Structures are given as C-alpha cells and as structure tokens.
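Comments concern the structure below.
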Amino acid sequence: MGEQMQIQSVRSRLLREMKEGAYRYSGKLPPEGVLAERLSISRTQLRDSLAQLEREGFISRHQGVGTVINRHVLAVPVRMDMEIEFMQMIAQSGHEPSLLSTAHDLVPAGETVAQRLAISPSDSVLKVIRLIGADGKPAIYCEDYIPTMLIKKKDYTEQDLQKPIFSFLKQFCALEPHMDLTEVNPAVADEAKARLFLVPKGTPLLYLDELDYDKEGMPMLYSPQYYIGGVIQHTMLRMKF
C-alpha cells in the first residue's frame, strides 16, 4: 500500500472511530503513543493522518491541551470544501440516492467547454450527463466533460459511465484530480431545467461550476452542476489562521 493510501486508510479509520466507534463520546483523542499502539501503526503514519484531519477541521491540536475532537464539524452532513460523490452526498443528507438517467456522447468541445479545459473548440470531448435522484425525485443534474485525448482506454461501456466520474478517470484515463476550483452561483430553472427537475420555470437552483486539475495544474474535467433546493444543505468550513 502506498504512503498516501496508508494515510487515507488511517484517516478514514479515525473518522469512523470518532463518529461511531471507540471515541464517539470522547472530547479528545488519546495521546499519540497510545493511539498509534491501539491502531498498530507507526507514530509517523499517525501524525500524517492527524495532520490531514486537522487541515480538514475535524480535530484541533494544541500544545498542553492535546487533540480535541471538533464534534460540531463531524456533525456536518455535506461540506462544499470536501469532495464527495453525489450518491454519498444525498445519503448523508438523509435521503435515498438513485441514478435516474444517464447519457453520453463524443462531441466537439465548443467555446465554453474549450475555454475551461484549455483546448480547441473543435477538439473532441466525452460528455456525460447524469440526473441523480433523492427519494426518487430529481435532485442533481450534472454534465461532465473530459478531453478525449486524455482517455487512454477506449473500451468503456455504458455501465462504466454510470459509475462516479472519478472512478472513470482513474480506470480509463489513469488520472486522479489533485484539486478543483468551483464557482458557486444562484440560478433559476429555465424551460429545460424545469422539465428535468419537474418544477415550475423560474424555480431557484444552486449552480456549481467545477473545474478539476491534475498534479501538474492542467485542467482535466469540467463539471457544471445544478442542485434543487431543500435536499442538500451545503456547508463550507473556513479555517482561521
């Protein structure tokens, strides 16, 4: 297992322990030596995982105080500053997720998509459309655009494109996003979105304009998304330094 995967594994385990495991009623985590022994990992692995959890706001570490569990942060169902899949997002909001419809095609990028992905408007992109449901009703509409030149394996199927887009990127492009920049804006349902969401024209929507980058800082995925109100409460954590 690679170093980063080990860190993620320990981080996930600690999150589970703080939410529903041995430390679900604790205000603090045990000292590092005790915690590393209980988890059967090195103190270096533990420190790296604790550092990530602190960056994410789940814990705070203070000299002479120890590692404080931030339960007000753990209690937040969906955070805009943390990437999670649509299905998980809906489930964590207390609803039953479902994939209502999908479609895909290879199309020219066009001006808007080309500008986001730093390619030519005539360059081909894979366009994947998903409509995600919450308790059987439309909740999220997403369009994903991936430059065709990044797709290394062409033997994908309809079923592959029904999976989360990050799974497709990893399996068929050998890519994993390093970061994204997302603009958040209010929107209203035009005629097309009103039909998709089964709501009157002019209904308020939340619009997220997401652009994902690889480790070299090159754009790899453009993902405009629309959310219906009343399903997911988006919360953003901003650390104060």
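By convention in this document, the chains of the structure tokens carry letters A, B, ... by their order, each chain's residues are numbered from 1, and ligands are numbered from 1 in the order they are shown.
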Within 6 Å of Tyr145 of chain A, counting only C-alpha atoms, which residues qualify if same-chain residues fewer than 6 places away don't, as a ChimeraX atom specification? /A:126-127,221-222
Write out as a list in words which residues come within 10 Å of Arg13 of chain A when counting only C-alpha atoms, dropping same-chain ones fewer than 6 positions away.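 Neighbouring residues, sequence-local ones excluded: Ile7, Lys19, Gly21, Leu39 and Ser49 of chain A.
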Emit the selected residues as a PDB file, in the first residue's frame, including N, CA and C atoms.
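The result, written out as selection-v9.pdb:
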ATOM      1  N   ILE A   7      -2.147   6.793   4.617  1.00  0.00           N
ATOM      2  CA  ILE A   7      -2.637   7.966   5.335  1.00  0.00           C
ATOM      3  C   ILE A   7      -4.162   8.038   5.242  1.00  0.00           C
ATOM      4  N   LYS A  19     -16.762   9.111  14.973  1.00  0.00           N
ATOM      5  CA  LYS A  19     -18.188   9.269  14.708  1.00  0.00           C
ATOM      6  C   LYS A  19     -19.030   8.193  15.367  1.00  0.00           C
ATOM      7  N   GLY A  21     -17.390   4.904  16.703  1.00  0.00           N
ATOM      8  CA  GLY A  21     -16.593   3.853  17.314  1.00  0.00           C
ATOM      9  C   GLY A  21     -16.162   4.165  18.736  1.00  0.00           C
ATOM     10  N   LEU A  39      -3.893   1.439  17.163  1.00  0.00           N
ATOM     11  CA  LEU A  39      -4.159   1.281  15.742  1.00  0.00           C
ATOM     12  C   LEU A  39      -3.126   0.395  15.048  1.00  0.00           C
ATOM     13  N   SER A  49      -1.693  11.366   9.347  1.00  0.00           N
ATOM     14  CA  SER A  49      -3.150  11.270   9.280  1.00  0.00           C
ATOM     15  C   SER A  49      -3.818  12.330  10.150  1.00  0.00           C
TER      16      SER A  49
END
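By chain and then residue number, the residues within 9 Å of segment 104-107 of chain A are Gly110, Ser122, Asp123, Ser124, Val125, Leu126, Lys127, Val128, Ile129, Arg130, Thr148, Glu158 and Leu161 of chain A, counting only C-alpha atoms and disregarding those fewer than 3 positions away in sequence.
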Near-segment 44-47 of chain A list (8 Å; only C-alpha atoms; drop same-chain fewer than 2 positions) as a ChimeraX atom specification: /A:6-7,10,32,36,41-42,49-51
Restricted to C-alpha atoms, what would the selected residues look like written as a PDB file, in the first residue's frame?
ATOM      1  CA  GLN A   6      -1.969   4.420   4.151  1.00  0.00           C
ATOM      2  CA  ILE A   7      -2.637   7.966   5.335  1.00  0.00           C
ATOM      3  CA  VAL A  10      -5.789   5.650   8.885  1.00  0.00           C
ATOM      4  CA  GLU A  32      -0.180   9.845  20.104  1.00  0.00           C
ATOM      5  CA  ALA A  36      -0.565   4.563  17.489  1.00  0.00           C
ATOM      6  CA  ILE A  41       0.677   1.850  13.149  1.00  0.00           C
ATOM      7  CA  SER A  42       3.831   3.960  13.479  1.00  0.00           C
ATOM      8  CA  SER A  49      -3.150  11.270   9.280  1.00  0.00           C
ATOM      9  CA  LEU A  50      -3.799  13.600  12.213  1.00  0.00           C
ATOM     10  CA  ALA A  51      -2.321  16.487  10.216  1.00  0.00           C
TER      11      ALA A  51
END
List every residue of segment 27-192 of chain A that DSSP, applied to the backbone of this structure, places in alpha helix (DSSP H), and write the result as JSON, numbers by chain. {"A": [32, 33, 34, 35, 36, 37, 38, 39, 43, 44, 45, 46, 47, 48, 49, 50, 51, 52, 53, 54, 55, 71, 72, 73, 74, 86, 87, 88, 89, 90, 91, 92, 110, 111, 112, 113, 114, 115, 116, 117, 158, 159, 160, 161, 165, 166, 167, 168, 169, 170, 171, 172, 173, 191, 192]}
Write out as a PyMOL selection string which residues come within 9 Å of Leu211 of chain A when counting only C-alpha atoms, dropping same-chain ones fewer than 6 positions away. chain A and resi 116-117+179-183+219-224
Can you check which residues of segment 87-211 of chain A DSSP gives as strand (DSSP E or B) on the backbone and send them as JSON, numbers by chain? {"A": [97, 98, 99, 100, 101, 102, 103, 104, 105, 106, 107, 108, 124, 125, 126, 127, 128, 129, 130, 131, 132, 133, 134, 137, 138, 139, 140, 141, 142, 143, 144, 145, 146, 147, 179, 180, 181, 182, 183, 184, 185, 186, 187, 188, 204, 205, 206, 207, 208, 209, 210, 211]}
Could you write out that same residue set with C-alpha atoms as a PDB file, in the first residue's frame?
ATOM      1  CA  PRO A  97     -29.994   8.206  -3.620  1.00  0.00           C
ATOM      2  CA  SER A  98     -30.637   6.846  -7.095  1.00  0.00           C
ATOM      3  CA  LEU A  99     -29.377   7.318 -10.636  1.00  0.00           C
ATOM      4  CA  LEU A 100     -32.442   8.433 -12.592  1.00  0.00           C
ATOM      5  CA  SER A 101     -30.860   8.758 -16.032  1.00  0.00           C
ATOM      6  CA  THR A 102     -27.514   8.915 -17.854  1.00  0.00           C
ATOM      7  CA  ALA A 103     -26.381   9.751 -21.362  1.00  0.00           C
ATOM      8  CA  HIS A 104     -23.016  10.188 -23.048  1.00  0.00           C
ATOM      9  CA  ASP A 105     -21.552  11.179 -26.397  1.00  0.00           C
ATOM     10  CA  LEU A 106     -18.336  12.314 -28.061  1.00  0.00           C
ATOM     11  CA  VAL A 107     -18.864  15.916 -29.154  1.00  0.00           C
ATOM     12  CA  PRO A 108     -16.807  18.971 -30.175  1.00  0.00           C
ATOM     13  CA  SER A 124     -13.415  16.193 -29.085  1.00  0.00           C
ATOM     14  CA  VAL A 125     -14.646  15.716 -25.517  1.00  0.00           C
ATOM     15  CA  LEU A 126     -16.550  12.951 -23.798  1.00  0.00           C
ATOM     16  CA  LYS A 127     -19.786  14.462 -22.486  1.00  0.00           C
ATOM     17  CA  VAL A 128     -21.521  12.527 -19.713  1.00  0.00           C
ATOM     18  CA  ILE A 129     -24.905  13.644 -18.376  1.00  0.00           C
ATOM     19  CA  ARG A 130     -26.345  12.397 -15.091  1.00  0.00           C
ATOM     20  CA  LEU A 131     -29.608  13.075 -13.294  1.00  0.00           C
ATOM     21  CA  ILE A 132     -29.368  11.997  -9.653  1.00  0.00           C
ATOM     22  CA  GLY A 133     -32.435  11.417  -7.525  1.00  0.00           C
ATOM     23  CA  ALA A 134     -33.204  11.788  -3.826  1.00  0.00           C
ATOM     24  CA  LYS A 137     -37.211  12.800  -7.187  1.00  0.00           C
ATOM     25  CA  PRO A 138     -34.657  14.723  -9.322  1.00  0.00           C
ATOM     26  CA  ALA A 139     -32.111  16.433  -7.084  1.00  0.00           C
ATOM     27  CA  ILE A 140     -28.842  16.963  -9.016  1.00  0.00           C
ATOM     28  CA  TYR A 141     -28.190  17.483 -12.723  1.00  0.00           C
ATOM     29  CA  CYS A 142     -24.553  17.235 -13.814  1.00  0.00           C
ATOM     30  CA  GLU A 143     -22.662  17.456 -17.095  1.00  0.00           C
ATOM     31  CA  ASP A 144     -19.091  16.117 -17.140  1.00  0.00           C
ATOM     32  CA  TYR A 145     -16.651  16.975 -19.927  1.00  0.00           C
ATOM     33  CA  ILE A 146     -13.360  15.082 -20.384  1.00  0.00           C
ATOM     34  CA  PRO A 147     -10.973  15.767 -23.305  1.00  0.00           C
ATOM     35  CA  MET A 179      -7.633  19.944  -6.790  1.00  0.00           C
ATOM     36  CA  ASP A 180     -10.634  21.796  -8.156  1.00  0.00           C
ATOM     37  CA  LEU A 181     -11.806  25.374  -8.386  1.00  0.00           C
ATOM     38  CA  THR A 182     -15.570  25.733  -8.125  1.00  0.00           C
ATOM     39  CA  GLU A 183     -17.652  28.849  -8.620  1.00  0.00           C
ATOM     40  CA  VAL A 184     -20.925  28.905  -6.661  1.00  0.00           C
ATOM     41  CA  ASN A 185     -23.820  30.909  -8.055  1.00  0.00           C
ATOM     42  CA  PRO A 186     -27.603  31.145  -7.717  1.00  0.00           C
ATOM     43  CA  ALA A 187     -29.610  30.125 -10.765  1.00  0.00           C
ATOM     44  CA  VAL A 188     -33.221  29.648 -11.824  1.00  0.00           C
ATOM     45  CA  PRO A 204     -34.394  28.710  -7.652  1.00  0.00           C
ATOM     46  CA  LEU A 205     -31.443  26.354  -8.184  1.00  0.00           C
ATOM     47  CA  LEU A 206     -27.870  26.223  -6.912  1.00  0.00           C
ATOM     48  CA  TYR A 207     -25.258  26.233  -9.688  1.00  0.00           C
ATOM     49  CA  LEU A 208     -21.711  24.902  -9.203  1.00  0.00           C
ATOM     50  CA  ASP A 209     -19.178  25.438 -11.976  1.00  0.00           C
ATOM     51  CA  GLU A 210     -16.376  22.954 -11.183  1.00  0.00           C
ATOM     52  CA  LEU A 211     -13.017  22.598 -12.909  1.00  0.00           C
TER      53      LEU A 211
END
Length of the atom CA of Thr112 of chain A to atom CA of Ile151 of chain A vector [Å]: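 Here the two named atoms are 20.6 Å from each other.
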Separation of atom CA of Gln88 of chain A from atom CA of Val73 of chain A in Å: 17.4 Å
